[in-house]
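Everything below belongs to final00.txt, which stores compact mmCIF, C-alpha atoms.
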```txt
# COMPACT_ATOMS: atom_id res chain seq x y z
CA MET A 142 51.52 28.57 -27.67
CA LYS A 143 48.22 29.37 -29.36
CA ASN A 144 46.92 31.00 -26.20
CA LEU A 145 50.10 33.05 -25.84
CA PHE A 146 49.78 34.33 -29.41
CA ALA A 147 46.09 35.16 -28.87
CA LEU A 148 46.93 37.00 -25.66
CA PHE A 149 49.71 38.95 -27.39
CA PHE A 150 47.32 39.86 -30.25
CA VAL A 151 44.62 41.09 -27.85
CA VAL A 152 47.11 43.16 -25.84
CA ALA A 153 48.56 44.67 -29.02
CA LEU A 154 45.07 45.53 -30.28
CA LEU A 155 44.16 47.17 -26.97
CA LEU A 156 47.37 49.19 -26.96
CA MET A 157 46.80 50.38 -30.52
CA SER A 158 43.22 51.42 -29.81
CA ALA A 159 44.32 53.25 -26.64
CA CYS A 160 46.87 55.22 -28.68
CA THR A 161 44.33 56.23 -31.30
CA GLN A 162 43.19 59.74 -30.52
CA LYS A 163 39.48 60.31 -30.90
CA VAL A 164 38.61 63.62 -32.53
CA ALA A 165 35.75 65.57 -30.98
CA LEU A 166 34.18 66.47 -34.31
CA GLU A 167 31.39 68.61 -32.89
CA ALA A 168 33.91 70.68 -30.92
CA GLU A 169 36.07 71.08 -34.04
CA LYS A 170 32.99 72.06 -36.04
CA ALA A 171 32.19 74.76 -33.48
CA GLU A 172 35.76 76.09 -33.74
CA VAL A 173 35.54 76.13 -37.55
CA LYS A 174 32.22 77.99 -37.35
CA THR A 175 33.85 80.61 -35.14
CA VAL A 176 36.60 81.19 -37.70
CA VAL A 177 34.17 81.28 -40.65
CA ASP A 178 32.03 83.78 -38.74
CA GLN A 179 35.15 85.83 -38.05
CA PHE A 180 35.56 86.23 -41.81
CA GLU A 181 32.35 88.30 -41.82
CA GLN A 182 33.58 90.19 -38.76
CA VAL A 183 36.79 91.06 -40.64
CA TRP A 184 34.75 92.89 -43.28
CA GLU A 185 32.30 94.54 -40.92
CA THR A 186 35.11 95.91 -38.73
CA GLU A 187 37.86 96.18 -41.38
CA ASP A 188 40.14 94.25 -39.04
CA MET A 189 43.29 93.36 -40.98
CA GLU A 190 44.93 91.83 -37.90
CA LEU A 191 42.07 89.35 -37.48
CA PHE A 192 42.14 88.65 -41.22
CA SER A 193 45.83 87.81 -40.96
CA ARG A 194 45.19 85.42 -38.05
CA ILE A 195 42.44 83.43 -39.77
CA MET A 196 44.14 83.12 -43.17
CA ALA A 197 46.97 80.78 -44.14
CA HIS A 198 49.97 82.72 -45.36
CA ASP A 199 50.75 80.27 -48.16
CA ALA A 200 52.38 81.63 -51.30
CA ASP A 201 50.43 79.21 -53.49
CA MET A 202 46.91 79.37 -52.05
CA VAL A 203 44.20 80.49 -54.47
CA ASN A 204 41.14 82.55 -53.54
CA TYR A 205 38.35 84.08 -55.60
CA GLY A 206 36.17 87.14 -55.02
CA THR A 207 33.06 88.09 -56.94
CA ASP A 208 34.66 90.41 -59.54
CA ALA A 209 36.42 88.94 -62.59
CA ALA A 210 39.71 90.51 -61.48
CA GLU A 211 39.43 89.06 -57.97
CA TYR A 212 41.68 86.04 -58.47
CA PHE A 213 44.28 86.03 -55.71
CA VAL A 214 47.29 83.71 -55.68
CA GLY A 215 49.13 83.77 -52.37
CA TRP A 216 48.67 85.53 -49.08
CA GLU A 217 50.54 88.68 -50.10
CA ALA A 218 48.31 89.30 -53.15
CA LEU A 219 45.17 88.71 -51.08
CA LYS A 220 46.37 90.91 -48.21
CA ASP A 221 47.24 93.76 -50.60
CA ALA A 222 43.88 93.57 -52.36
CA VAL A 223 41.86 93.51 -49.14
CA GLY A 224 43.92 96.43 -47.82
CA LYS A 225 42.83 98.41 -50.90
CA MET A 226 39.18 97.37 -50.55
CA PHE A 227 38.71 98.36 -46.89
CA PRO A 228 38.93 102.14 -47.45
CA SER A 229 36.43 101.92 -50.33
CA PHE A 230 33.58 100.44 -48.27
CA GLU A 231 31.63 101.79 -45.31
CA ASN A 232 28.92 100.49 -43.00
CA ILE A 233 29.24 96.86 -44.06
CA LYS A 234 26.58 94.53 -42.68
CA ILE A 235 26.63 90.87 -43.67
CA THR A 236 23.75 88.46 -43.12
CA VAL A 237 24.55 84.73 -43.37
CA LYS A 238 22.06 82.04 -44.32
CA ASP A 239 22.22 78.30 -45.03
CA GLN A 240 25.65 77.80 -43.48
CA VAL A 241 26.91 74.22 -43.66
CA ILE A 242 30.19 73.15 -42.06
CA LYS A 243 31.82 69.73 -42.39
CA VAL A 244 34.93 68.45 -40.60
CA HIS A 245 36.96 65.51 -41.87
CA PRO A 246 37.18 62.61 -39.37
CA SER A 247 40.90 63.37 -38.99
CA GLY A 248 39.93 66.69 -37.39
CA ASN A 249 42.50 68.56 -39.50
CA VAL A 250 40.50 69.67 -42.55
CA ALA A 251 37.10 71.33 -42.83
CA TRP A 252 34.99 72.84 -45.58
CA PHE A 253 31.93 75.05 -45.58
CA SER A 254 29.31 76.69 -47.74
CA GLN A 255 26.92 79.51 -47.04
CA VAL A 256 24.77 82.12 -48.67
CA TRP A 257 25.25 85.70 -47.61
CA ASP A 258 23.78 89.13 -48.25
CA TRP A 259 25.92 92.27 -48.08
CA ASP A 260 24.70 95.79 -47.36
CA LEU A 261 27.30 98.54 -47.56
CA VAL A 262 28.08 102.02 -48.79
CA ALA A 263 30.56 102.43 -51.67
CA GLY A 264 31.33 105.78 -53.27
CA GLY A 265 28.69 107.36 -51.05
CA GLN A 266 25.97 105.11 -52.49
CA PRO A 267 24.18 102.24 -50.75
CA VAL A 268 24.89 98.82 -52.28
CA ARG A 269 23.01 95.58 -51.63
CA SER A 270 24.31 92.26 -52.87
CA GLU A 271 21.96 89.37 -52.17
CA GLY A 272 22.42 85.62 -52.40
CA GLY A 273 26.20 85.53 -52.65
CA ARG A 274 27.71 82.09 -52.41
CA PHE A 275 30.72 81.66 -50.18
CA THR A 276 32.61 78.38 -49.89
CA GLY A 277 36.01 77.45 -48.57
CA VAL A 278 38.44 75.03 -47.02
CA LEU A 279 40.19 75.38 -43.67
CA GLU A 280 43.08 73.44 -42.16
CA LYS A 281 44.03 73.07 -38.54
CA ARG A 282 47.59 74.32 -38.19
CA ASN A 283 49.35 74.68 -34.85
CA ASP A 284 45.99 74.10 -33.11
CA ASN A 285 44.33 76.95 -35.05
CA TRP A 286 41.88 76.76 -37.93
CA VAL A 287 42.88 78.89 -40.94
CA PHE A 288 41.43 79.43 -44.39
CA VAL A 289 43.51 77.80 -47.11
CA GLN A 290 41.03 78.52 -49.90
CA PHE A 291 37.78 80.40 -50.45
CA HIS A 292 35.50 81.18 -53.35
CA ASN A 293 32.90 83.93 -53.38
CA SER A 294 30.43 84.25 -56.24
CA VAL A 295 27.16 85.93 -57.14
CA PRO A 296 24.72 83.77 -59.08
CA VAL A 297 23.35 84.91 -62.43
CA ALA A 298 19.65 85.67 -62.56
CA GLY A 299 17.57 82.94 -64.14
CA GLN A 300 19.26 80.09 -65.94
CA ALA A 301 22.59 80.65 -67.72
CA ALA A 302 22.03 77.71 -70.09
CA GLN A 303 18.97 75.61 -70.76
CA TYR A 304 19.07 72.00 -69.64
```
Just give me the structure as structure tokens.
Amino acid sequence: MKNLFALFFVVALLLMSACTQKVALEAEKAEVKTVVDQFEQVWETEDMELFSRIMAHDADMVNYGTDAAEYFVGWEALKDAVGKMFPSFENIKITVKDQVIKVHPSGNVAWFSQVWDWDLVAGGQPVRSEGGRFTGVLEKRNDNWVFVQFHNSVPVAGQAAQY
């Protein structure tokens, strides 16, 4: 009886491990990188269709831009704001540095950070924004990675408070 129980336990364990799907984390990381890089492409090409594909369309997602007023709750608010920004900017070129991408072992959630520099023309004048910080979270939905949150900020010069 002991041997029968041991055999049953071993077979059950083998069946459970065979049913556990292994996530190819490096492949998922490469897919996430593609989507994060497409975010820059959206701005450089003013491609609202691509923007729509790589963003979640959640009514309660929260995203931040660099300006104090750039606090966007929900896809519709974000889409409307970006649609107003596109015509105001020309010749956008974004350079990314220090990109770090992590994927949860489940293969369904990822987060990233990067530093980026923007060169563009606004109001006929060249604008350069260096050292921007861009972070975010993506989820895999229907086999596609989409942004569910991002935060973009520009650091203050020097030290904001002594420590």
_From A:Val278, A:Ala301, A:Val250, A:Ile235, residue lying nearest Thr186 of chain A [all atoms listed in the file]_ =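 Of A:Val278, A:Ala301, A:Val250, A:Ile235, the one nearest Thr186 of chain A is A:Ile235, counting all atoms listed in the file.
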*Taking into account only C-alpha atoms, which residue in the set A:Asp208, A:Glu181, A:Glu187, A:Glu280 is nearest to Asp258 of chain A?*
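Result for the nearest residue to Asp258 of chain A: A:Glu181.
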_Show me the residues around (47.5, 82.7, -53.4) - criterion: an atom at most 10 Å away, all atoms listed in the file counted - as a PyMOL selection string._
chain A and resi 197-205+212-220+289-290
_Point-to-point distance from atom CA of Gln182 of chain A to atom CA of Asn232 of chain A, Å rounded to tenths_ =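 Between these atoms lies a distance of 12.1 Å.
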*Compile the contact shell of Met189 of chain A as a list in words: residues with an atom at most 10 Å away, counting all atoms listed in the file, same-chain residues fewer than 6 positions apart removed.*
Val183, Lys220, Val223, Gly224 and Phe227 of chain A
